Amino acid sequence: MFERIRRVVIKEFIQLFRDRRMKAIVFVIPLLQLVVFGYAVTTDVNDIRTAIYDLDRSAESRELFNRLGASGYFSIRHSVESPAEIRELLDRGTITAAIQINQGFSADIKRKQQAEIQVLVDGTDSNTATVALDYVNRIILKYAKDLGTPGISAHSSPMPVQGGIGLNTLAWYNPELKSKNYNVPGVIAFVIMLTCLLLTSMAVVREREIGTMEQLMVTPLRPVELILGKTIPFAMIGFFDMLLVTGAAYLKFDIPMKGSFALLIASTAIYLLSVLGMGLFISTISKTQQQALMATFLFYVPAVLLSGFMFPIENMPEVIQYGTYLNPLRYFLVIIRGIFLKGNGIGILWPQALSLLVIGLAVITISSLRFKKRMG
Amino acid sequence: MKLLRIKAVAKKELLQIWRDPLSLAMAFLMPVMLLFIFGYAITLDVNRIRTIVYDLDKSSLSRELIDKFSASGYFIVVDHVTGQKEIDRYLDSGKALAAISIPSDFSEKIRSGRNAPLQVIVDGSDSNTATIALGYASAISEIFSQRLEGNRITPVIDPRLRVWYNPELKSRNFIIPGLIAVIMAVIAALLTSLTVAREWERGTMEQLIATPIKTPELILGKLLPYFMIGFIDVILSVLLAAFLFGVPLKGSVFLLMALSGVFLFGGLSLGILISIVAKSQLVASQVSMVATFLPAFLLSGFMYAISNMPEALQVISYVIPARYFVTILKGIFLKGSTLSLLVTETTLLIVFGLLVFGLANRKFKKRIA
């Protein structure tokens with residue numbers, strides 16, 4: 001039995017890598033995803049392109065603009081002369097925010113009256129807009145507080161605001177709130193899913209499309225052996241990609257790897273059960289590689305979007321929240337993040353690992369049964 | 001170039017599509033599914049953050065503050081804990097994403113007019129949620145302390161904040177127009193990336209080569225039916241966006257359709273080019289995923305602002321056609337942009353389409369020879 005499985009595995013590898021470009025693809029896909037997720041997918045908001053419209057032209061207004069610019073969140077690109085210019089710049093998307101200070105701003109401050117400023121943001125990107133408004137608010141509040149205690153020199157200790165709350169915030173596991181620490185470990189899950197799923201489903205369907213499946217069926221190969229022989233090569237590619245991403249994350253992206261490496265390997269193995277099982281399943285419902293490609297895509301995209309990676313699961317409608325319990329990615333992402341960033345052990349991650357194992361076994365059993373039936 | 005021969009290839013391709021109803025169904029299911037997921041299932045808004053409270057003060061003031069947190073809707077208090085260790089456990093296991101810790105002298109300090117410390121801990125492993133959660137926490141405590149201060153200190157500056165184009169900051173309005181662009185980029189590649197490779201793999205290419213057909217005729221003939229499918233997908237997506245999801249369509253529908261056609265031509269040509277170069281369906285499928293899906297999703301500015309990316313990636317994003325189409329669709333939908341505002345994007349899309357189409361022609365000729 002093992003000899004026969006070995007033969008299929010060897011045949012599969014030869015077939016896969018006979019096209020030399022495939023070797024490059026196995027390397028390039030994970031690395032490309034790493035670069036994109038490590039650098040591009042950043043939800044950190046800074047250097048918001050800002051225009052200023054200063055009608056007051058006072059020391060106070062200049063000071064406020066300086067503070068906005070010095071914060072690093074706003075990069076002041078334009079100083080405009082009319083509201084029409086603001087409109088034009090926002091319409092063209094040249095700027096994301098505009099801050100206008102009306103005449104009388106400094107006079108109001110000196111008379112200790114409410115002084116007004118206007119902040120306009122482009123809301124088409126609601127995430128950036130929310131964060132930008134929050135930054136403006138904080139900077140203005142700080143400035144207002146500083147103005148409220150005039151006469152204190154830099155040497156004297158600042159007077160505590162009476163009866164206020166001193167908010168002290170901490171972000172655990174990722175103190176600088178870098179999005180790459182969150183994204184890069186996730187790449188392991190995505191790369192394995194996309195590459196292995198697509199390769200498995202298409203490799204099986206190809207035999208059928210070209211007609212070589214007939215040849216395989218007249219060999220003494222048993223269905224179980226064929227299934228194993230067809231999936232083992234892609235499992236190996238999955239492990240290879242995992243190691244590649246982990247190495248790059250550690251060496252190039254400075255992502256801390258706090259947990260155990262053995263646990264990472266073990267959980268990857270469990271995760272591969274679901275991925276390869278799903279690939280086999282797609283191969284049983286597709287007649288052509290075109291169908292396999294589209295079916296893979298129809299499975300992959302919801303799995304990624306409903307995994308809680310980019311969009312919090314708590315905010316989804318309840319029905320869909322229940323649906324996500326069937327999504328292997330959901331569990332694997334928690335495991336990976338736990339291992340990398342929190343240093344979690346199996347003591348904490350066992351519920352996710354167990355769920356993943358149950359889903360994996362179920363999927364691979366159902367697919368294998370279907371596969372056998374289609375062969376018989 | 002003869003129209004008759006193009007028509008013949010188009011007809012053959014159309015028949016092939018028609019006899020594969022599963023693929024055709026999936027081509028129409030794809031945009032509907034993606035729109036539903038983005039329209040109903042997911043949102044970028046952060047709320048209902050699972051929070052635990054460690055209240056050592058147990059005073060009316062501390063309870064009031066906690067009420068303010070849960071009443072905001074952004075935080076859901078899932079448990080009250082009685083020790084620092086429990087906070088560790090909750091955050092480690094991911095059962096809570098935030099912890100509010102109130103020291104025992106909280107109310108006493110406030111009553112005696114001193115600064116009372118309040119600690120908010122968030123799970124930073126999801127940096128985006130954490131940033132937003134901390135913003136909420138600081139706003140809530142700011143409001144709370146202003147209320148405590150009463151009229152003793154009036155804020156000197158009153159910021160008037162206004163949001164243009166998307167006043168309620170709905171992430172749906174921002175996402176769906178861009179999403180249509182991404183859908184089109186992906187569909188275009190999925191549809192055509194296998195068409196030529198398939199002919200090679202099955203051996204039917206020999207037959208095509210034996211006919212008097214010329215390269216541009218063959219490529220155009222193969223493009224046409226998929227162009228139709230892609231266009232139906234555009235119409236479907238725009239209808240769903242406007243009527244089901246209520247995304248305001250401020251600009252001209254005609255302009256939207258015309259520019260979608262331009263984009264589709266480029267996207268489908270890219271798929272064909274991949275197919276011609278790859279010659280094997282396995283390779284073509286992997287390449288088309290990497291060349292279209294990933295960049296369209298992540299580098300087009302659809303969800304992640306391009307201006308936040310490192311310079312090198314910003315430069316790369318200039319050659320990704322989805323980037324221009326995202327700008328075009330967002331502009332037409334949300335800002336009511338006219339062609340004069342979108343001239344640059346449109347020109348670049350046309351250039352991209354012609355370039356890729358030309359390249360596909362050149363590459364294909366070589367193979368026949």
# chains A, B, ... in the order shown; residues from 1 in each chain; ligands from 1
call {"tool": "residues_around", "arguments": {"residues": "region 195-206 of chain B", "least_positions_apart": "5", "cutoff": "9 Å", "atoms": "only C-alpha atoms", "output": "list in words"}}
result
Glu209, Ile210, Gln289 and Gln290 of chain A; Glu13, Lys222, Gly271, Ile272, Leu273, Ile274, Ser275, Ile276, Val277, Ala278, Lys279, Ser280, Gln281 and Ala284 of chain B
call {"tool": "write_last_selection", "arguments": {"atoms": "C-alpha atoms", "output": "short mmCIF file (atom, residue, chain, number, x, y, z; two decimals), in the first residue's frame"}}
result
data_model
loop_
_atom_site.label_atom_id
_atom_site.label_comp_id
_atom_site.auth_asym_id
_atom_site.auth_seq_id
_atom_site.Cartn_x
_atom_site.Cartn_y
_atom_site.Cartn_z
CA GLU A 209 -10.67 16.55 -18.06
CA ILE A 210 -7.67 15.19 -19.96
CA GLN A 289 -10.88 22.98 -14.30
CA GLN A 290 -12.85 26.12 -15.08
CA GLU B 13 -17.22 30.28 -27.36
CA LYS B 222 -12.96 34.97 -27.36
CA GLY B 271 -6.99 37.19 -18.40
CA ILE B 272 -6.41 36.15 -22.00
CA LEU B 273 -2.79 37.24 -21.83
CA ILE B 274 -2.27 35.12 -18.70
CA SER B 275 -3.91 32.22 -20.44
CA ILE B 276 -1.75 32.56 -23.54
CA VAL B 277 1.48 32.80 -21.59
CA ALA B 278 0.67 30.07 -19.06
CA LYS B 279 -0.53 27.46 -21.57
CA SER B 280 -1.56 25.24 -18.62
CA GLN B 281 -4.73 25.75 -16.66
CA ALA B 284 -2.96 30.11 -15.29
#
call {"tool": "residues_around", "arguments": {"residues": "Val26 (chain A)", "least_positions_apart": "6", "cutoff": "9 Å", "atoms": "only C-alpha atoms", "output": "VMD selection string"}}
result
chain A and resid 195 237 240 to 241
call {"tool": "write_last_selection", "arguments": {"atoms": "C-alpha atoms", "output": "compact mmCIF listing (two decimals), in the first residue's frame"}}
result
# COMPACT_ATOMS: atom_id res chain seq x y z
CA THR A 195 -2.59 27.44 -2.83
CA ILE A 237 3.58 22.29 -0.24
CA PHE A 240 6.66 24.39 2.99
CA ASP A 241 4.71 27.63 2.55
call {"tool": "atom_distance", "arguments": {"atom1": "CA of Lys330 (chain B)", "atom2": "CA of Val136 (chain A)"}}
result
25.2 Å
call {"tool": "closest_residue", "arguments": {"among": "A:Ile285, A:Leu64, A:Leu226, A:Met22", "to": "chain B", "atoms": "only C-alpha atoms"}}
result
A:Met22
call {"tool": "residues_around", "arguments": {"residues": "Ile86 (chain A)", "least_positions_apart": "6", "cutoff": "12 Å", "atoms": "only C-alpha atoms", "output": "JSON, numbers by chain"}}
result
{"A": [50, 51, 52, 53, 54, 77, 78, 79, 80, 92, 93, 94, 95, 96, 97, 98, 99, 100, 119, 120, 121, 122], "B": [164]}
